[in-house]
Protein chains: 2
Amino acid sequence: MESNIVGVIGAGSFGTAIANLLAHNNDVLIFSRNPEVVSEINTQHLHKNIVLSPRIRATSNLQEVAEQCTLIFPIVPSSSFRRMMINFSPYLRPYHILIHGTKGLDLVGIDESKPRTMNVSRKNMFTMSEVIKQESVVVREYKEVIKIGQKALNSKHFHVFGTHQLLGAELAGALKNVIAIGSGILEGKGMGKNIQAMLITRGLTEMIYFGKALGATPEAFLGTAGIGDLVATATSPNSRNFTVGLRLAKGESIADISKTMEETAEGIRTLRITRSLARHYKLHTPITEMLHEIVFEGFDVEKAMDYLMEYPYGVDVDFL
Amino acid sequence: MESNIVGVIGAGSFGTAIANLLAHNNDVLIFSRNPEVVSEINTQHLHKNIVLSPRIRATSNLQEVAEQCTLIFPIVPSSSFRRMMINFSPYLRPYHILIHGTKGLDLVGIDESKPRTMNVSRKNMFTMSEVIKQESVVVREYKEVIKIGQKALNSKHFHVFGTHQLLGAELAGALKNVIAIGSGILEGKGMGKNIQAMLITRGLTEMIYFGKALGATPEAFLGTAGIGDLVATATSPNSRNFTVGLRLAKGESIADISKTMEETAEGIRTLRITRSLARHYKLHTPITEMLHEIVFEGFDVEKAMDYLMEYPYGVDVDFL
């Protein structure tokens, strides 16, 4: 049952980028629910304005992915991840290896249409790997998965770092999107690199506070999955979440921005979740608090800055 | 002997910036050896293209600084810091409080004109606070110093974070300049934000390795003095060390760059020091190694990138 075709579930821009990286070393089968996307990829080798490797083939049949591939990268928005896994799990077998690339969180039994009444805690919030475990009968965490993932992805231009802190890495990936929105706001307001660096630093500290409350150690937050991803996302105009902040700063409403973005910016939903987590666990996370006010309540950015400047911070680094 | 005039020693761009920040809350006396600079500040309130607060007065008399000020900020290049302290210490009294802002290292008994034979270790390398202690008779580390510094500097637009990890904070401040040179090189070569973020992340890890070898814990490296300063310096075109990297990438030699820069880029000297430290303590610091080759040996940037991409990194975060 071993196969050299690597699967990717989800043909958004991140899934497409991963597919192209994988195609350096492997034949790739990419899944999209949308038949037009499948046809576009298979006939024009073009998607999301990106030229795709000829080694990439698309399908709208999940069963085919499971049958053709041993190693599979699920990369779909967090809000549809569990549904995808429910559909996919009947085809999964013990030899399958899943490495997800979704940087968001899953909620169970929470009405997200009423954000003011949300009460999120470790009991109803899950990472994608937890969703995978819950929805598929036989999934084990292989130590070799890091090596297998590196072998599939590593190339002259792409170096994969591994971590054994799965929970920390998943939380870091999701939480950093919120800080990226904040960084975009500062950029949009023409504020300097120093303030942005401070946001990144104190934002990382808040990410670690959330991680600790949810059972993760700081390690992953301090490596490539944490600082690395945070700095990249929070300083790059190509980042979706950064762009959300940029547009907010220019005066657009979050409703208008969400409507006109082609893909979900996970950070918007994650910000609702972290604000609720902060309340539940009584965390001192003033950046999260201020971002929530700015994004969802129209709070003035300058006033938020004043608030943060006068916030009675304790010791700089208290999370070790 | 208490005085509300705050002293600044050194009228470089950083000293001048600190003087302006201090002038929000205090009268300021700034020292420069250069009588022309003193006269320019006192008559035109202009220096380094920066308009100075009318609350800033300049002097070329060190004794006057000691007599007029209780709180003093020495901010001179690391290579002349000890000489400055030797000149200054006869005027110092037990009530004086020094908070330095020099982000470099001091060497004793080492011929820096022969970099290939340098053997730097904890025995002959000192931070500026260590130089202060060595050269002045009565200097104590007050716990209140953080509060005094915050009171003098805090304003609506400037928030001072404190740390009790003095050694770590000093090392972080010095070592980050080396990584900033690397970041400038990547920028100059038109490489993307992802690679820059990776350099920052792995560079921070190397900084922590150096810190550990020299007796510092990771805390300070993970706070505003570490990540914060690193991200700010390594993403800002206004940073001197970043600019060095940028110009190197455009083909200038380090000799030409040093000659034409108005102020010292500490990172160049610090890179010599860290390369020697890495050899002495047998550290795995491939970024430091490659930067040394690029900056001083004309090694090709693309080849260095290939080397780093294929470097057999172990666990991502192993410094906690």
# chains A, B, ... in the order shown; residues from 1 in each chain; ligands from 1

call {"tool": "residues_around", "arguments": {"residues": "A:Arg57", "least_positions_apart": "4", "cutoff": "9 Å", "atoms": "only C-alpha atoms", "output": "PyMOL selection string"}}
result
chain A and resi 27-31+38+41-42+45+53

call {"tool": "interface_residues", "arguments": {"of": "chain B", "to": "chain A", "cutoff": "7 Å", "atoms": "only C-alpha atoms", "output": "ChimeraX atom specification"}}
result
/B:156,159,161-163,193-194,197-198,201,219,222-224,227-228,231-232,236,306,309,315-317

call {"tool": "select_by_dssp", "arguments": {"residues": "stretch 71-203 of chain B", "states": "helix (DSSP H, G or I)", "output": "JSON, numbers by chain"}}
result
{"B": [78, 79, 80, 81, 82, 83, 84, 85, 86, 87, 88, 89, 90, 91, 115, 116, 117, 128, 129, 130, 131, 132, 133, 134, 135, 145, 146, 147, 148, 149, 150, 151, 152, 153, 166, 167, 168, 169, 170, 171, 172, 173, 174, 175, 176, 177, 178, 179, 180, 181, 182, 183, 184, 185, 186, 187, 188, 193, 194, 195, 196, 197, 198, 199, 200, 201, 202, 203]}

call {"tool": "write_last_selection", "arguments": {"atoms": "C-alpha atoms", "output": "PDB file, in the first residue's frame"}}
result
ATOM      1  CA  SER B  78      32.073  49.892  22.854  1.00  0.00           C
ATOM      2  CA  SER B  79      35.624  50.331  21.594  1.00  0.00           C
ATOM      3  CA  SER B  80      36.033  53.589  23.517  1.00  0.00           C
ATOM      4  CA  PHE B  81      33.781  52.793  26.473  1.00  0.00           C
ATOM      5  CA  ARG B  82      36.524  51.698  28.859  1.00  0.00           C
ATOM      6  CA  ARG B  83      38.658  54.731  28.065  1.00  0.00           C
ATOM      7  CA  MET B  84      35.652  56.969  28.720  1.00  0.00           C
ATOM      8  CA  MET B  85      35.051  55.225  32.060  1.00  0.00           C
ATOM      9  CA  ILE B  86      38.686  55.622  33.065  1.00  0.00           C
ATOM     10  CA  ASN B  87      38.396  59.364  32.409  1.00  0.00           C
ATOM     11  CA  PHE B  88      35.023  59.649  34.081  1.00  0.00           C
ATOM     12  CA  SER B  89      35.452  57.536  37.208  1.00  0.00           C
ATOM     13  CA  PRO B  90      37.476  60.079  39.245  1.00  0.00           C
ATOM     14  CA  TYR B  91      34.346  62.238  39.349  1.00  0.00           C
ATOM     15  CA  PRO B 115      41.532  39.140  13.975  1.00  0.00           C
ATOM     16  CA  ARG B 116      42.743  35.724  12.823  1.00  0.00           C
ATOM     17  CA  THR B 117      44.632  35.161  16.043  1.00  0.00           C
ATOM     18  CA  MET B 128      29.706  47.536  29.486  1.00  0.00           C
ATOM     19  CA  SER B 129      28.225  47.150  32.972  1.00  0.00           C
ATOM     20  CA  GLU B 130      31.214  44.987  33.845  1.00  0.00           C
ATOM     21  CA  VAL B 131      33.538  47.688  32.553  1.00  0.00           C
ATOM     22  CA  ILE B 132      31.678  50.222  34.704  1.00  0.00           C
ATOM     23  CA  LYS B 133      32.148  48.002  37.752  1.00  0.00           C
ATOM     24  CA  GLN B 134      35.811  47.429  37.006  1.00  0.00           C
ATOM     25  CA  GLU B 135      36.664  51.072  36.434  1.00  0.00           C
ATOM     26  CA  VAL B 145      17.473  51.448  38.967  1.00  0.00           C
ATOM     27  CA  ILE B 146      14.746  50.031  36.715  1.00  0.00           C
ATOM     28  CA  LYS B 147      12.151  52.273  38.322  1.00  0.00           C
ATOM     29  CA  ILE B 148      14.416  55.309  38.148  1.00  0.00           C
ATOM     30  CA  GLY B 149      15.162  54.637  34.496  1.00  0.00           C
ATOM     31  CA  GLN B 150      11.492  54.143  33.704  1.00  0.00           C
ATOM     32  CA  LYS B 151      10.547  57.354  35.481  1.00  0.00           C
ATOM     33  CA  ALA B 152      13.157  59.300  33.530  1.00  0.00           C
ATOM     34  CA  LEU B 153      12.283  57.802  30.126  1.00  0.00           C
ATOM     35  CA  LEU B 166      21.517  42.313  33.207  1.00  0.00           C
ATOM     36  CA  LEU B 167      24.089  40.075  31.516  1.00  0.00           C
ATOM     37  CA  GLY B 168      21.515  38.553  29.169  1.00  0.00           C
ATOM     38  CA  ALA B 169      20.122  41.946  28.197  1.00  0.00           C
ATOM     39  CA  GLU B 170      23.579  43.353  27.468  1.00  0.00           C
ATOM     40  CA  LEU B 171      24.619  40.340  25.417  1.00  0.00           C
ATOM     41  CA  ALA B 172      21.330  40.324  23.506  1.00  0.00           C
ATOM     42  CA  GLY B 173      21.772  43.989  22.650  1.00  0.00           C
ATOM     43  CA  ALA B 174      25.274  43.414  21.317  1.00  0.00           C
ATOM     44  CA  LEU B 175      24.693  40.103  19.540  1.00  0.00           C
ATOM     45  CA  LYS B 176      21.555  41.139  17.707  1.00  0.00           C
ATOM     46  CA  ASN B 177      23.613  43.594  15.640  1.00  0.00           C
ATOM     47  CA  VAL B 178      25.315  40.680  13.907  1.00  0.00           C
ATOM     48  CA  ILE B 179      21.992  39.172  12.888  1.00  0.00           C
ATOM     49  CA  ALA B 180      20.865  42.595  11.677  1.00  0.00           C
ATOM     50  CA  ILE B 181      23.809  42.637   9.254  1.00  0.00           C
ATOM     51  CA  GLY B 182      22.637  39.261   7.950  1.00  0.00           C
ATOM     52  CA  SER B 183      19.103  40.538   7.563  1.00  0.00           C
ATOM     53  CA  GLY B 184      20.376  43.510   5.573  1.00  0.00           C
ATOM     54  CA  ILE B 185      22.257  41.137   3.286  1.00  0.00           C
ATOM     55  CA  LEU B 186      19.067  39.164   2.588  1.00  0.00           C
ATOM     56  CA  GLU B 187      17.199  42.411   1.923  1.00  0.00           C
ATOM     57  CA  GLY B 188      19.939  43.584  -0.412  1.00  0.00           C
ATOM     58  CA  LYS B 193      10.391  37.935   4.348  1.00  0.00           C
ATOM     59  CA  ASN B 194      10.227  34.206   5.067  1.00  0.00           C
ATOM     60  CA  ILE B 195      13.980  33.796   4.834  1.00  0.00           C
ATOM     61  CA  GLN B 196      14.459  36.926   6.909  1.00  0.00           C
ATOM     62  CA  ALA B 197      12.114  35.551   9.581  1.00  0.00           C
ATOM     63  CA  MET B 198      14.047  32.300   9.572  1.00  0.00           C
ATOM     64  CA  LEU B 199      17.335  34.160   9.971  1.00  0.00           C
ATOM     65  CA  ILE B 200      15.870  36.077  12.902  1.00  0.00           C
ATOM     66  CA  THR B 201      14.582  32.898  14.545  1.00  0.00           C
ATOM     67  CA  ARG B 202      17.691  30.801  14.100  1.00  0.00           C
ATOM     68  CA  GLY B 203      19.838  33.864  14.787  1.00  0.00           C
TER      69      GLY B 203
END

call {"tool": "closest_residue", "arguments": {"among": "A:Gly104, A:Ala23, A:Lys212, A:Asn124", "to": "A:Ile268", "atoms": "only C-alpha atoms"}}
result
A:Gly104

call {"tool": "select_by_dssp", "arguments": {"residues": "stretch 35-261 of chain B", "states": "strand (DSSP E or B)", "output": "ChimeraX atom specification"}}
result
/B:46-47,50-51,56-59,69-74,97-98,106-107,125-126,155,158

call {"tool": "write_last_selection", "arguments": {"atoms": "N, CA and C atoms", "output": "compact mmCIF listing (two decimals), in the first residue's frame"}}
result
# COMPACT_ATOMS: atom_id res chain seq x y z
N LEU B 46 20.33 71.59 17.16
CA LEU B 46 20.23 70.70 16.02
C LEU B 46 21.50 69.84 16.01
N HIS B 47 21.31 68.52 15.80
CA HIS B 47 22.48 67.65 15.73
C HIS B 47 22.08 66.37 15.03
N ILE B 50 18.74 66.07 13.64
CA ILE B 50 17.60 65.92 14.55
C ILE B 50 17.44 67.22 15.34
N VAL B 51 16.23 67.70 15.41
CA VAL B 51 15.96 68.88 16.22
C VAL B 51 15.99 68.47 17.69
N ILE B 56 17.75 70.48 26.39
CA ILE B 56 19.05 69.80 26.30
C ILE B 56 20.17 70.83 26.18
N ARG B 57 21.16 70.70 27.07
CA ARG B 57 22.34 71.56 26.98
C ARG B 57 23.55 70.63 26.80
N ALA B 58 24.56 71.09 26.08
CA ALA B 58 25.73 70.25 25.83
C ALA B 58 26.95 70.79 26.57
N THR B 59 27.88 69.88 26.86
CA THR B 59 29.14 70.28 27.50
C THR B 59 30.25 69.36 27.01
N CYS B 69 24.71 65.99 37.56
CA CYS B 69 23.71 64.93 37.35
C CYS B 69 23.90 63.77 38.33
N THR B 70 22.78 63.21 38.77
CA THR B 70 22.81 61.99 39.57
C THR B 70 22.65 60.78 38.65
N LEU B 71 21.69 60.89 37.75
CA LEU B 71 21.39 59.81 36.80
C LEU B 71 22.08 60.11 35.48
N ILE B 72 22.91 59.17 35.02
CA ILE B 72 23.73 59.41 33.83
C ILE B 72 23.65 58.23 32.88
N PHE B 73 23.45 58.51 31.61
CA PHE B 73 23.38 57.47 30.57
C PHE B 73 24.64 57.52 29.69
N PRO B 74 25.63 56.64 29.93
CA PRO B 74 26.78 56.59 29.03
C PRO B 74 26.40 55.84 27.74
N ILE B 97 24.07 57.12 39.52
CA ILE B 97 23.45 55.94 38.91
C ILE B 97 23.74 55.97 37.42
N LEU B 98 24.37 54.90 36.93
CA LEU B 98 24.69 54.84 35.50
C LEU B 98 23.81 53.79 34.81
N ASP B 106 33.41 44.61 25.21
CA ASP B 106 34.75 45.12 25.51
C ASP B 106 35.75 43.96 25.52
N LEU B 107 36.92 44.19 24.93
CA LEU B 107 37.96 43.17 24.96
C LEU B 107 39.17 43.71 25.70
N MET B 125 36.62 39.08 27.72
CA MET B 125 35.51 39.80 27.09
C MET B 125 34.53 40.27 28.15
N PHE B 126 34.16 41.55 28.10
CA PHE B 126 33.30 42.10 29.15
C PHE B 126 32.15 42.91 28.56
N SER B 155 7.12 57.86 28.63
CA SER B 155 6.25 58.94 28.22
C SER B 155 5.07 58.31 27.50
N PHE B 158 6.60 56.28 24.75
CA PHE B 158 7.77 55.45 24.98
C PHE B 158 7.58 54.67 26.26
